[in-house]
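Peer 1: Here you go, final39.cif (mmCIF, C-alpha atoms):
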```
data_work
loop_
_atom_site.label_atom_id
_atom_site.label_comp_id
_atom_site.auth_asym_id
_atom_site.auth_seq_id
_atom_site.Cartn_x
_atom_site.Cartn_y
_atom_site.Cartn_z
CA MET A 1 0.00 0.00 0.00
CA SER A 2 1.55 3.31 -1.06
CA GLU A 3 1.91 6.00 1.57
CA THR A 4 2.21 9.74 1.13
CA LEU A 5 3.34 12.32 3.67
CA ALA A 6 1.90 15.79 3.21
CA ILE A 7 1.15 19.00 5.06
CA GLY A 8 -2.15 20.84 4.93
CA LEU A 9 -2.12 24.57 5.73
CA MET A 10 -5.20 26.56 6.65
CA SER A 11 -5.97 30.13 7.66
CA GLY A 12 -9.70 30.64 7.95
CA THR A 13 -12.17 33.50 7.97
CA SER A 14 -12.07 33.54 11.78
CA LEU A 15 -8.52 35.00 11.46
CA ASP A 16 -7.33 33.00 14.46
CA GLY A 17 -4.02 32.11 12.87
CA VAL A 18 -2.29 29.41 10.83
CA SER A 19 -3.07 25.71 11.26
CA ALA A 20 -0.60 23.14 9.94
CA ALA A 21 -1.30 19.40 9.85
CA LEU A 22 1.15 16.64 8.97
CA VAL A 23 -0.77 13.70 7.56
CA ARG A 24 -0.11 10.24 6.19
CA ILE A 25 -2.30 9.29 3.23
CA SER A 26 -2.41 5.64 2.22
CA GLY A 27 -4.33 3.53 -0.24
CA THR A 28 -6.55 4.67 -3.08
CA ALA A 29 -9.74 5.24 -1.07
CA PRO A 30 -7.73 6.78 0.75
CA ASP A 31 -7.08 6.51 4.50
CA VAL A 32 -5.87 9.77 6.06
CA ALA A 33 -4.14 9.82 9.45
CA LEU A 34 -3.14 12.94 11.40
CA LEU A 35 0.46 12.57 12.60
CA ALA A 36 1.15 16.02 14.06
CA PHE A 37 -0.57 19.38 14.35
CA HIS A 38 0.71 22.90 14.98
CA GLN A 39 -1.07 26.23 15.37
CA GLU A 40 0.35 29.75 15.33
CA PRO A 41 -2.08 32.50 16.34
CA TYR A 42 -2.04 35.84 14.60
CA ASP A 43 -1.20 38.78 16.83
CA ALA A 44 -3.35 41.92 16.85
CA ARG A 45 -1.12 43.64 14.27
CA GLU A 46 -1.30 40.77 11.81
CA ARG A 47 -5.03 40.36 12.25
CA GLY A 48 -5.50 44.09 11.73
CA GLN A 49 -3.39 44.00 8.56
CA ILE A 50 -5.60 41.27 7.10
CA ILE A 51 -8.82 43.05 8.09
CA ASP A 52 -7.54 46.30 6.56
CA ALA A 53 -6.59 44.49 3.34
CA ILE A 54 -10.08 43.02 3.13
CA ALA A 55 -11.72 46.39 3.76
CA ARG A 56 -9.59 48.76 1.71
CA GLY A 57 -6.38 47.12 0.50
CA GLY A 58 -4.74 48.52 -2.62
CA ALA A 59 -2.54 46.65 -5.07
CA ARG A 60 0.65 47.19 -3.05
CA ASP A 61 -1.03 46.17 0.22
CA LEU A 62 -2.29 42.94 -1.31
CA ALA A 63 1.04 42.13 -2.97
CA VAL A 64 3.01 42.64 0.25
CA LEU A 65 0.47 40.66 2.29
CA HIS A 66 0.57 37.86 -0.32
CA VAL A 67 4.26 37.33 0.42
CA ALA A 68 4.05 37.98 4.18
CA LEU A 69 1.35 35.36 4.64
CA ALA A 70 3.34 32.82 2.63
CA GLU A 71 6.35 33.41 4.89
CA ARG A 72 4.05 32.89 7.89
CA PHE A 73 2.69 29.67 6.41
CA ALA A 74 6.20 28.41 5.62
CA GLY A 75 7.32 29.15 9.17
CA ALA A 76 4.38 27.21 10.60
CA ALA A 77 5.15 24.25 8.32
CA LEU A 78 8.81 24.23 9.36
CA GLN A 79 7.88 24.37 13.04
CA LEU A 80 5.52 21.45 12.53
CA LEU A 81 8.19 19.41 10.74
CA ALA A 82 10.74 20.15 13.46
CA SER A 83 8.35 19.03 16.20
CA ALA A 84 7.57 15.85 14.25
CA LYS A 85 11.26 15.21 13.50
CA THR A 86 10.44 15.05 9.81
CA ALA A 87 12.54 16.54 7.00
CA PRO A 88 10.86 18.57 4.24
CA ARG A 89 12.31 16.18 1.63
CA GLN A 90 10.09 13.42 3.09
CA LEU A 91 6.97 15.30 1.98
CA SER A 92 5.22 14.62 -1.29
CA PHE A 93 3.51 18.01 -1.28
CA VAL A 94 2.15 20.88 0.79
CA ALA A 95 -1.49 21.89 0.28
CA SER A 96 -2.15 25.50 1.22
CA HIS A 97 -5.63 26.98 1.31
CA GLY A 98 -4.25 30.48 1.88
CA GLN A 99 -6.09 33.36 3.51
CA THR A 100 -9.34 34.41 1.89
CA ILE A 101 -9.32 38.15 1.21
CA TRP A 102 -12.32 38.35 -1.09
CA HIS A 103 -15.03 35.84 -1.83
CA GLU A 104 -17.88 36.79 -4.12
CA PRO A 105 -19.80 33.53 -4.57
CA GLY A 106 -20.06 32.39 -8.15
CA ARG A 107 -18.08 35.34 -9.46
CA ALA A 108 -14.62 35.75 -7.93
CA THR A 109 -12.53 34.48 -5.05
CA LEU A 110 -9.06 35.45 -3.83
CA GLN A 111 -6.81 33.69 -1.35
CA LEU A 112 -3.39 35.13 -0.46
CA GLY A 113 -0.20 33.29 0.49
CA ASP A 114 2.22 33.04 -2.44
CA ALA A 115 2.78 29.37 -3.36
CA ALA A 116 6.12 30.25 -4.99
CA VAL A 117 7.43 31.49 -1.63
CA LEU A 118 6.27 28.29 0.06
CA ALA A 119 7.94 26.14 -2.60
CA GLU A 120 11.20 28.06 -2.20
CA ARG A 121 11.25 27.96 1.60
CA LEU A 122 10.27 24.30 1.90
CA GLY A 123 11.71 22.80 -1.27
CA VAL A 124 8.45 20.92 -1.82
CA ARG A 125 5.77 21.17 -4.50
CA VAL A 126 2.77 23.19 -3.38
CA VAL A 127 -0.90 22.83 -4.25
CA SER A 128 -2.81 26.09 -3.83
CA ASP A 129 -5.70 28.24 -5.11
CA PHE A 130 -8.31 25.51 -4.62
CA ARG A 131 -11.42 27.64 -5.04
CA SER A 132 -10.91 29.36 -8.39
CA ARG A 133 -11.58 26.38 -10.66
CA ASP A 134 -14.92 25.66 -9.01
CA VAL A 135 -15.93 29.32 -9.49
CA ALA A 136 -14.84 29.18 -13.14
CA ALA A 137 -17.09 26.13 -13.53
CA GLY A 138 -20.09 28.12 -12.33
CA GLY A 139 -19.79 27.13 -8.67
CA GLN A 140 -19.80 29.14 -5.47
CA GLY A 141 -16.17 28.18 -4.78
CA ALA A 142 -17.28 27.12 -1.31
CA PRO A 143 -17.68 25.14 0.78
CA LEU A 144 -14.89 22.77 -0.31
CA VAL A 145 -14.37 20.74 2.86
CA PRO A 146 -17.60 18.70 2.26
CA LEU A 147 -15.86 16.16 0.00
CA ALA A 148 -13.51 15.39 2.89
CA ASP A 149 -16.51 15.28 5.21
CA VAL A 150 -18.13 12.63 3.03
CA MET A 151 -15.03 10.55 2.36
CA LEU A 152 -13.30 10.81 5.74
CA PHE A 153 -15.67 11.91 8.51
CA GLY A 154 -19.11 10.48 7.83
CA ASP A 155 -20.64 7.77 10.00
CA PRO A 156 -20.24 4.38 8.29
CA GLU A 157 -23.74 3.23 9.27
CA ARG A 158 -26.06 6.24 9.31
CA GLY A 159 -26.43 9.92 8.50
CA ARG A 160 -24.29 12.59 10.14
CA LEU A 161 -24.17 16.39 10.10
CA LEU A 162 -20.75 18.05 10.30
CA LEU A 163 -20.80 21.72 11.28
CA ASN A 164 -17.77 23.96 10.98
CA LEU A 165 -18.03 27.01 13.24
CA GLY A 166 -15.29 29.08 11.69
CA GLY A 167 -15.60 32.71 10.70
CA MET A 168 -18.53 31.55 8.60
CA ALA A 169 -20.57 28.49 9.51
CA ASN A 170 -21.03 25.66 7.04
CA VAL A 171 -22.74 22.32 7.40
CA THR A 172 -22.41 19.05 5.53
CA TRP A 173 -25.02 16.30 5.49
CA VAL A 174 -23.37 12.91 4.91
CA PRO A 175 -25.81 10.01 4.28
CA ARG A 176 -23.02 7.52 5.09
CA ARG A 177 -19.25 7.66 4.88
CA GLY A 178 -18.10 7.55 1.28
CA VAL A 179 -21.61 7.99 -0.18
CA LEU A 180 -21.76 11.07 -2.43
CA ASP A 181 -25.32 10.49 -3.61
CA GLY A 182 -27.57 12.59 -1.38
CA ALA A 183 -24.72 14.51 0.29
CA LEU A 184 -25.44 18.21 0.79
CA ALA A 185 -23.42 21.14 2.08
CA PHE A 186 -23.70 24.92 2.28
CA ASP A 187 -22.84 28.00 4.33
CA THR A 188 -25.53 28.80 6.89
CA GLY A 189 -24.23 32.34 7.54
CA PRO A 190 -21.91 33.76 10.19
CA GLY A 191 -20.03 31.46 12.53
CA VAL A 192 -17.84 33.50 14.87
CA ALA A 193 -16.94 36.35 12.50
CA VAL A 194 -19.76 38.64 13.62
CA ILE A 195 -19.36 37.70 17.30
CA ASP A 196 -15.62 38.43 17.15
CA ALA A 197 -16.13 41.66 15.22
CA VAL A 198 -18.69 42.90 17.75
CA VAL A 199 -16.31 42.12 20.62
CA ARG A 200 -13.42 43.89 18.86
CA ARG A 201 -15.64 46.89 18.19
CA LEU A 202 -16.42 47.09 21.92
CA ASP A 203 -12.88 46.26 23.10
CA PRO A 204 -10.12 46.61 20.47
CA ASP A 205 -7.72 44.61 22.65
CA ALA A 206 -10.01 41.56 22.83
CA PRO A 207 -9.68 39.16 19.87
CA TYR A 208 -12.87 37.26 20.79
CA ASP A 209 -15.40 36.62 23.57
CA ARG A 210 -13.27 34.41 25.81
CA ASP A 211 -15.32 31.44 27.07
CA GLY A 212 -18.47 33.28 25.94
CA GLU A 213 -18.39 35.43 29.09
CA ARG A 214 -19.86 38.58 27.55
CA ALA A 215 -22.61 36.64 25.78
CA ARG A 216 -23.57 35.01 29.08
CA ARG A 217 -23.89 38.42 30.73
CA GLY A 218 -26.14 39.75 27.98
CA ARG A 219 -29.54 38.94 26.51
CA PRO A 220 -30.33 38.82 22.79
CA ALA A 221 -32.31 41.80 21.49
CA VAL A 222 -35.21 39.85 20.03
CA LYS A 223 -36.52 42.45 17.58
CA VAL A 224 -33.04 43.21 16.29
CA LEU A 225 -32.36 39.49 15.90
CA GLU A 226 -35.54 38.87 13.90
CA ALA A 227 -34.75 41.83 11.64
CA LEU A 228 -31.28 40.41 10.97
CA LEU A 229 -32.68 36.96 10.24
CA ALA A 230 -35.03 38.47 7.66
CA ASP A 231 -32.03 38.97 5.35
CA ALA A 232 -32.58 37.19 2.02
CA PHE A 233 -29.39 35.14 2.41
CA PHE A 234 -30.90 33.02 5.17
CA SER A 235 -33.96 32.03 3.13
CA ARG A 236 -32.03 31.38 -0.08
CA PRO A 237 -31.81 27.65 -0.87
CA PRO A 238 -28.45 25.89 -1.30
CA PRO A 239 -26.00 25.88 -2.92
CA LYS A 240 -24.83 29.05 -1.24
CA SER A 241 -21.77 30.49 0.43
CA THR A 242 -20.83 33.77 2.05
CA GLY A 243 -17.93 35.60 3.69
CA ARG A 244 -16.74 38.71 5.47
CA GLU A 245 -17.85 40.80 2.49
CA MET A 246 -21.35 40.33 3.89
CA PHE A 247 -20.83 39.39 7.54
CA GLY A 248 -17.83 41.53 8.46
CA MET A 249 -16.93 44.64 10.44
CA ALA A 250 -19.55 46.89 8.82
CA TYR A 251 -22.25 44.32 9.59
CA ALA A 252 -21.07 44.09 13.22
CA ASP A 253 -21.09 47.88 13.54
CA ARG A 254 -24.71 47.99 12.38
CA LEU A 255 -25.66 45.23 14.81
CA VAL A 256 -24.14 47.11 17.76
CA GLU A 257 -25.90 50.35 16.81
CA GLN A 258 -29.24 48.59 16.37
CA VAL A 259 -28.98 46.90 19.77
CA ARG A 260 -28.05 50.19 21.43
CA ALA A 261 -30.93 51.96 19.67
CA ALA A 262 -33.26 49.28 21.08
CA GLY A 263 -32.00 50.07 24.59
CA GLY A 264 -29.67 47.11 24.88
CA SER A 265 -26.23 46.94 26.49
CA ASP A 266 -22.93 46.12 24.87
CA ASN A 267 -23.13 42.60 26.30
CA ASP A 268 -26.59 42.34 24.77
CA ALA A 269 -24.96 43.05 21.41
CA VAL A 270 -22.57 40.11 21.89
CA ALA A 271 -25.47 37.88 22.97
CA THR A 272 -27.43 38.97 19.90
CA ALA A 273 -24.50 38.09 17.63
CA CYS A 274 -24.31 34.64 19.27
CA ALA A 275 -28.05 34.14 18.87
CA LEU A 276 -27.78 35.14 15.19
CA THR A 277 -25.24 32.36 14.59
CA VAL A 278 -27.25 29.78 16.53
CA GLU A 279 -30.64 30.62 15.04
CA SER A 280 -29.40 30.84 11.46
CA ILE A 281 -27.76 27.41 11.82
CA ALA A 282 -30.83 25.84 13.44
CA ARG A 283 -33.23 27.23 10.85
CA ALA A 284 -30.96 26.07 8.03
CA LEU A 285 -30.85 22.54 9.43
CA GLU A 286 -34.64 22.49 9.77
CA ARG A 287 -35.23 23.88 6.30
CA TRP A 288 -32.58 22.31 4.11
CA THR A 289 -31.29 19.06 5.62
CA PRO A 290 -33.07 15.69 5.83
CA VAL A 291 -35.20 14.91 8.89
CA ALA A 292 -32.95 12.59 10.88
CA PRO A 293 -33.18 13.54 14.57
CA ASP A 294 -30.87 10.70 15.64
CA ALA A 295 -28.06 11.88 13.35
CA ASP A 296 -25.40 13.54 15.46
CA LEU A 297 -24.24 17.11 14.83
CA VAL A 298 -20.44 17.06 14.98
CA ILE A 299 -18.98 20.52 15.52
CA SER A 300 -15.49 21.90 14.90
CA GLY A 301 -13.82 25.25 14.34
CA GLY A 302 -13.12 28.18 16.65
CA GLY A 303 -16.76 28.47 17.69
CA ALA A 304 -16.65 24.95 19.14
CA ARG A 305 -14.38 26.39 21.86
CA ASN A 306 -17.00 28.96 22.90
CA PRO A 307 -19.02 27.17 25.61
CA ALA A 308 -21.84 29.73 25.58
CA LEU A 309 -22.28 29.35 21.82
CA VAL A 310 -22.19 25.55 22.02
CA GLU A 311 -24.71 25.47 24.89
CA MET A 312 -27.09 27.76 23.00
CA LEU A 313 -26.78 25.63 19.89
CA ALA A 314 -27.29 22.34 21.75
CA ALA A 315 -30.42 23.72 23.43
CA ARG A 316 -31.80 24.99 20.13
CA VAL A 317 -31.37 21.73 18.17
CA ARG A 318 -32.35 19.36 21.00
CA PRO A 319 -32.96 16.37 20.95
CA ARG A 320 -30.35 16.07 18.20
CA PRO A 321 -27.04 15.16 19.89
CA VAL A 322 -24.26 17.76 19.56
CA VAL A 323 -20.74 16.38 19.92
CA GLY A 324 -17.27 17.81 19.47
CA PHE A 325 -15.25 16.67 16.47
CA ASP A 326 -12.50 15.51 18.83
CA GLN A 327 -14.94 13.08 20.45
CA ARG A 328 -15.27 11.25 17.14
CA PHE A 329 -11.88 11.84 15.47
CA PHE A 330 -9.02 14.16 16.49
CA ASP A 331 -8.46 17.78 17.51
CA GLY A 332 -11.18 19.71 15.69
CA ASP A 333 -8.84 22.64 15.15
CA ALA A 334 -6.87 20.41 12.77
CA LYS A 335 -9.86 19.33 10.70
CA GLU A 336 -9.70 21.87 7.88
CA ALA A 337 -5.92 21.61 7.51
CA VAL A 338 -6.31 17.83 7.22
CA ALA A 339 -9.16 18.30 4.74
CA PHE A 340 -7.02 20.48 2.47
CA ALA A 341 -4.18 17.96 2.63
CA PHE A 342 -6.73 15.44 1.35
CA LEU A 343 -7.87 17.86 -1.38
CA GLY A 344 -4.22 18.37 -2.34
CA TRP A 345 -3.80 14.60 -2.63
CA LEU A 346 -6.79 14.49 -4.97
CA THR A 347 -5.26 17.25 -7.09
CA VAL A 348 -1.84 15.63 -7.49
CA ASN A 349 -3.60 12.37 -8.37
CA ALA A 350 -5.74 14.13 -11.01
CA ARG A 351 -8.97 13.48 -9.12
CA PRO A 352 -11.83 16.00 -8.64
CA GLY A 353 -11.95 17.83 -5.32
CA ASN A 354 -15.26 19.65 -5.39
CA LEU A 355 -18.74 18.43 -4.54
CA PRO A 356 -21.05 19.97 -7.16
CA ALA A 357 -24.09 19.43 -4.94
CA ALA A 358 -22.43 21.74 -2.40
CA THR A 359 -20.98 24.43 -4.68
CA GLY A 360 -23.33 24.37 -7.66
CA ALA A 361 -20.49 23.85 -10.15
CA ARG A 362 -21.36 22.36 -13.53
CA GLY A 363 -19.59 19.16 -12.55
CA PRO A 364 -16.62 17.62 -10.74
CA ARG A 365 -13.36 19.50 -11.28
CA ILE A 366 -9.70 18.95 -10.43
CA LEU A 367 -8.89 21.88 -8.17
CA GLY A 368 -5.91 24.11 -7.60
CA HIS A 369 -2.56 25.01 -9.07
CA VAL A 370 0.59 22.97 -8.56
CA THR A 371 3.85 24.90 -8.03
CA PRO A 372 6.88 22.63 -8.52
CA ALA A 373 9.50 22.22 -5.82
#
```
Please express the file's structure as structure tokens.
Peer 2:
Amino acid sequence: MSETLAIGLMSGTSLDGVSAALVRISGTAPDVALLAFHQEPYDARERGQIIDAIARGGARDLAVLHVALAERFAGAALQLLASAKTAPRQLSFVASHGQTIWHEPGRATLQLGDAAVLAERLGVRVVSDFRSRDVAAGGQGAPLVPLADVMLFGDPERGRLLLNLGGMANVTWVPRRGVLDGALAFDTGPGVAVIDAVVRRLDPDAPYDRDGERARRGRPAVKVLEALLADAFFSRPPPKSTGREMFGMAYADRLVEQVRAAGGSDNDAVATACALTVESIARALERWTPVAPDADLVISGGGARNPALVEMLAARVRPRPVVGFDQRFFDGDAKEAVAFAFLGWLTVNARPGNLPAATGARGPRILGHVTPA
């Protein structure tokens, strides 16, 4: 049985930092095992640079950030290899998702993190720019993790829902592991992006609502929440995806002002942002996924570490069981990096990496660009 060593690199819309996963891929099905995982959080300056680039970056800003992010990704990969006592020459490839700077579903998508820099620093071929081909084929370009959800993380006997609570929230319905027929995936709306942006608006030194403390001290502003949920995105049927272009800083600013205008406190604004994430997810599950109350909801991403958010979600979808990804597999923070290593393996083996039922593309496509070592 042939074995491949690879690294998957991920920097998501939550802007937490860089995730690097060393994986072993074996067989043709294939089997994917996580060998080592490393995370490097962005500091406030780096996070601010990315947010500024998204909001108003010019050509020079984007070009400089393109290289700076690649250097950051390369550093994370080298740290991971050092901790795993593995030499770069042992790798078959590195798969880098990059950092999404702009995502206009079905029209254009841009991820930064120059693959040429990664190839130079690591001496390994790099697979990158996964989303563009799906967009060119008429797809949303997202979500892309669902193929990994189906092939790697589904339940072998029954249906399962896999929910990623990153900056945006996306859910995958897997009928059974490895079964593509009937699989469904889409973005439900904001994950933690709006919550984090509200917190940063209220306290620039706070990257997020630690342990959900502010949300616990507040109460959702019901009328504001219902007005937000009336947005057409939430009622639009899949396939659909979204990003910070819609649910970003400007959206958070409006939410805070609306809660204050309704007489609510700053903590009420955080609680309202949490309730928006929970309610949009719950309504999406009720409206668009099969009725299977015994199917577990497996959660991962930064939001899975927010106990207030998880408790609110579990209460809202009861009696459906809500379990952490690490209870079924491995550290949920590593999931997307592992998924992109798997997508990179598909690319270098000339196999499609998108799920047309999730993205709306005209058909299966081989994703990404390959930069030689």
Peer 1: Between A:Thr242, A:Ser128, A:Asn354, A:Gln258, which one has atoms that come closest to Leu180 of chain A, using all atoms listed in the file?
Peer 2: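 Of all the options, A:Asn354 lies closest to Leu180 of chain A.
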Peer 1: Residues within 9 Å of Gly303 of chain A, please, as a PyMOL selection string. Count all atoms listed in the file; anything in the same chain fewer than 6 positions from it doesn't count.
Peer 2: chain A and resi 164-167+191-192+309-310
Peer 1: Counting all atoms listed in the file, what are the residues of segment 107-197 of chain A within 10 Å of segment 272-279 of chain A, and for each of them which pair of atoms is the nearest and at what distance in Å, to one decimal? Sort the table by chain and rising number, as a tab-separated table.
Peer 2:
```
residue	atom	partner	partner_atom	distance
A:Leu165	CA	A:Thr277	CA	9.1
A:Met168	CA	A:Thr277	CA	9.0
A:Ala169	CA	A:Thr277	CA	7.9
A:Thr188	CA	A:Thr277	CA	8.5
A:Gly189	CA	A:Thr277	CA	7.1
A:Pro190	CA	A:Thr277	CA	5.7
A:Gly191	CA	A:Thr277	CA	5.7
A:Val192	CA	A:Thr277	CA	7.5
A:Ala193	CA	A:Ala273	CA	9.3
A:Val194	CA	A:Ala273	CA	6.2
A:Ile195	CA	A:Ala273	CA	5.2
A:Asp196	CA	A:Ala273	CA	8.9
A:Ala197	CA	A:Ala273	CA	9.4
```
Peer 1: Residues of segment 208-276 of chain A that have any atom at most 12 Å from an atom of segment 132-139 of chain A: could you tabulate them with the shortest-distance atom pair and the distance in Å to one decimal, using only C-alpha atoms, ordered by chain and increasing number, as CSV?
Peer 2:
```
residue,atom,partner,partner_atom,distance
A:Pro238,CA,A:Gly139,CA,11.4
A:Pro239,CA,A:Gly139,CA,8.6
A:Lys240,CA,A:Gly139,CA,9.2
A:Ser241,CA,A:Gly139,CA,9.9
```
Peer 1: Please dump the current selection as an mmCIF file, in the coordinates of the input; keep C-alpha atoms.
Peer 2:
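Output (part_13.cif):
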```cif
data_model
loop_
_atom_site.group_PDB
_atom_site.id
_atom_site.type_symbol
_atom_site.label_atom_id
_atom_site.label_comp_id
_atom_site.auth_asym_id
_atom_site.auth_seq_id
_atom_site.Cartn_x
_atom_site.Cartn_y
_atom_site.Cartn_z
ATOM 1 C CA PRO A 238 -28.450 25.890 -1.300
ATOM 2 C CA PRO A 239 -26.000 25.880 -2.920
ATOM 3 C CA LYS A 240 -24.830 29.050 -1.240
ATOM 4 C CA SER A 241 -21.770 30.490 0.430
#
```
Peer 1: In Å, rounded to a single decimal, give me how far atom CA of Gly57 of chain A is from atom CA of Leu69 of chain A.
Peer 2: 14.7 Å
Peer 1: Give the answer as one residue: which of A:Arg24, A:Val18, A:Pro146, A:Ala59 has the shortest atom-to-atom distance to His38 of chain A, using only C-alpha atoms?
Peer 2: A:Val18
Peer 1: Just how far from atom CA of Trp102 of chain A is atom CA of Phe130 of chain A, in Å to one decimal?
Peer 2: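 Spanning atom CA of Phe130 of chain A to atom CA of Trp102 of chain A is a straight-line distance of 13.9 Å.
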Peer 1: Convert the output of the PyMOL selection byres ((chain A and resi 265) around 10) on the shown file into explicit residues, formatted as a PDB file with C-alpha atoms, in the frame of the given file.
Peer 2:
```pdb
ATOM      1  CA  ARG A 217     -23.890  38.420  30.730  1.00  0.00           C
ATOM      2  CA  GLY A 218     -26.140  39.750  27.980  1.00  0.00           C
ATOM      3  CA  ARG A 219     -29.540  38.940  26.510  1.00  0.00           C
ATOM      4  CA  PRO A 220     -30.330  38.820  22.790  1.00  0.00           C
ATOM      5  CA  ALA A 221     -32.310  41.800  21.490  1.00  0.00           C
ATOM      6  CA  VAL A 256     -24.140  47.110  17.760  1.00  0.00           C
ATOM      7  CA  VAL A 259     -28.980  46.900  19.770  1.00  0.00           C
ATOM      8  CA  ARG A 260     -28.050  50.190  21.430  1.00  0.00           C
ATOM      9  CA  ALA A 261     -30.930  51.960  19.670  1.00  0.00           C
ATOM     10  CA  ALA A 262     -33.260  49.280  21.080  1.00  0.00           C
ATOM     11  CA  GLY A 263     -32.000  50.070  24.590  1.00  0.00           C
ATOM     12  CA  GLY A 264     -29.670  47.110  24.880  1.00  0.00           C
ATOM     13  CA  ASP A 266     -22.930  46.120  24.870  1.00  0.00           C
ATOM     14  CA  ASN A 267     -23.130  42.600  26.300  1.00  0.00           C
ATOM     15  CA  ASP A 268     -26.590  42.340  24.770  1.00  0.00           C
ATOM     16  CA  ALA A 269     -24.960  43.050  21.410  1.00  0.00           C
ATOM     17  CA  VAL A 270     -22.570  40.110  21.890  1.00  0.00           C
ATOM     18  CA  ALA A 271     -25.470  37.880  22.970  1.00  0.00           C
TER      19      ALA A 271
END
```
Peer 1: Can you pull out every residue within 12 Å of Gly154 of chain A, counting all atoms listed in the file, but drop anything in the same chain fewer than 6 positions away, and send it as a VMD selection string?
Peer 2: chain A and resid 146 to 148 160 to 163 172 to 180 183 295 to 298 325 328 to 329
Peer 1: Can you work out the spacing between atom CA of Ala282 of chain A and atom CA of Ala315 of chain A in Å, to one decimal?
Peer 2: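 Going from atom CA of Ala282 of chain A over to atom CA of Ala315 of chain A covers 10.2 Å.
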Peer 1: List as an MDAnalysis selection string the protein and nucleic acid residues near Leu367 of chain A, meaning an atom at most 12 Å away when all atoms listed in the file are counted, but skip any in the same chain fewer than 5 places from it.
Peer 2: chainID A and resid 95 97 127:137 141 144 340 342:355 361
Peer 1: Pick from A:Ser92, A:Thr359, A:Thr109, A:Ser26: nearest to Ile7 of chain A, with all atoms listed in the file counted?
Peer 2: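 So, comparing all the options, the nearest one is A:Ser92.
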Peer 1: With the PyMOL selection byres ((chain A and resi 373) around 12) as the selection, what would be picked from this file? Answer as a list in words, please.
Peer 2: Pro88, Arg89, Leu91, Ser92, Phe93, Val94, Ala115, Ala116, Val117, Leu118, Ala119, Glu120, Arg121, Leu122, Gly123, Val124, Arg125, Val126, Val127, Val370, Thr371 and Pro372 of chain A
Peer 1: Using only C-alpha atoms, pick whichever of A:Ile54, A:Ile101, A:Ala87, A:Leu184 has the shortest atom-to-atom distance to Thr289 of chain A.
Peer 2: A:Leu184
Peer 1: Give, as JSON, the centre coordinates and the x, y and z edge lengths in Å to one decimal for an axis-aligned box around all listed atoms of segment 270-286 of chain A, padded by 6 Å on each side.
Peer 2:
```
{"center_x": -28.6, "center_y": 31.3, "center_z": 15.5, "size_x": 24.1, "size_y": 29.6, "size_z": 26.9}
```
Peer 1: Would you mind completing segment 56-68 of chain A to N, CA and C atoms and writing the output as a short mmCIF file (atom, residue, chain, number, x, y, z; two decimals), in the coordinates of the input?
Peer 2:
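Wrote selection_16.cif, looks like this:
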```
data_model
loop_
_atom_site.label_atom_id
_atom_site.label_comp_id
_atom_site.auth_asym_id
_atom_site.auth_seq_id
_atom_site.Cartn_x
_atom_site.Cartn_y
_atom_site.Cartn_z
N ARG A 56 -10.00 47.65 2.59
CA ARG A 56 -9.59 48.76 1.71
C ARG A 56 -8.18 48.58 1.13
N GLY A 57 -7.73 47.35 0.98
CA GLY A 57 -6.38 47.12 0.50
C GLY A 57 -6.19 47.51 -0.96
N GLY A 58 -5.10 48.20 -1.24
CA GLY A 58 -4.74 48.52 -2.62
C GLY A 58 -3.83 47.45 -3.18
N ALA A 59 -3.36 47.65 -4.40
CA ALA A 59 -2.54 46.65 -5.07
C ALA A 59 -1.26 46.36 -4.28
N ARG A 60 -0.60 47.41 -3.80
CA ARG A 60 0.65 47.19 -3.05
C ARG A 60 0.37 46.44 -1.75
N ASP A 61 -0.70 46.83 -1.04
CA ASP A 61 -1.03 46.17 0.22
C ASP A 61 -1.25 44.68 0.01
N LEU A 62 -1.99 44.34 -1.04
CA LEU A 62 -2.29 42.94 -1.31
C LEU A 62 -1.04 42.17 -1.72
N ALA A 63 -0.18 42.80 -2.52
CA ALA A 63 1.04 42.13 -2.97
C ALA A 63 1.97 41.84 -1.80
N VAL A 64 2.13 42.82 -0.92
CA VAL A 64 3.01 42.64 0.25
C VAL A 64 2.43 41.59 1.20
N LEU A 65 1.12 41.63 1.41
CA LEU A 65 0.47 40.66 2.29
C LEU A 65 0.56 39.25 1.70
N HIS A 66 0.47 39.15 0.39
CA HIS A 66 0.57 37.86 -0.32
C HIS A 66 1.88 37.15 0.05
N VAL A 67 2.96 37.90 0.08
CA VAL A 67 4.26 37.33 0.42
C VAL A 67 4.38 37.11 1.93
N ALA A 68 3.92 38.09 2.72
CA ALA A 68 4.05 37.98 4.18
C ALA A 68 3.29 36.77 4.72
#
```
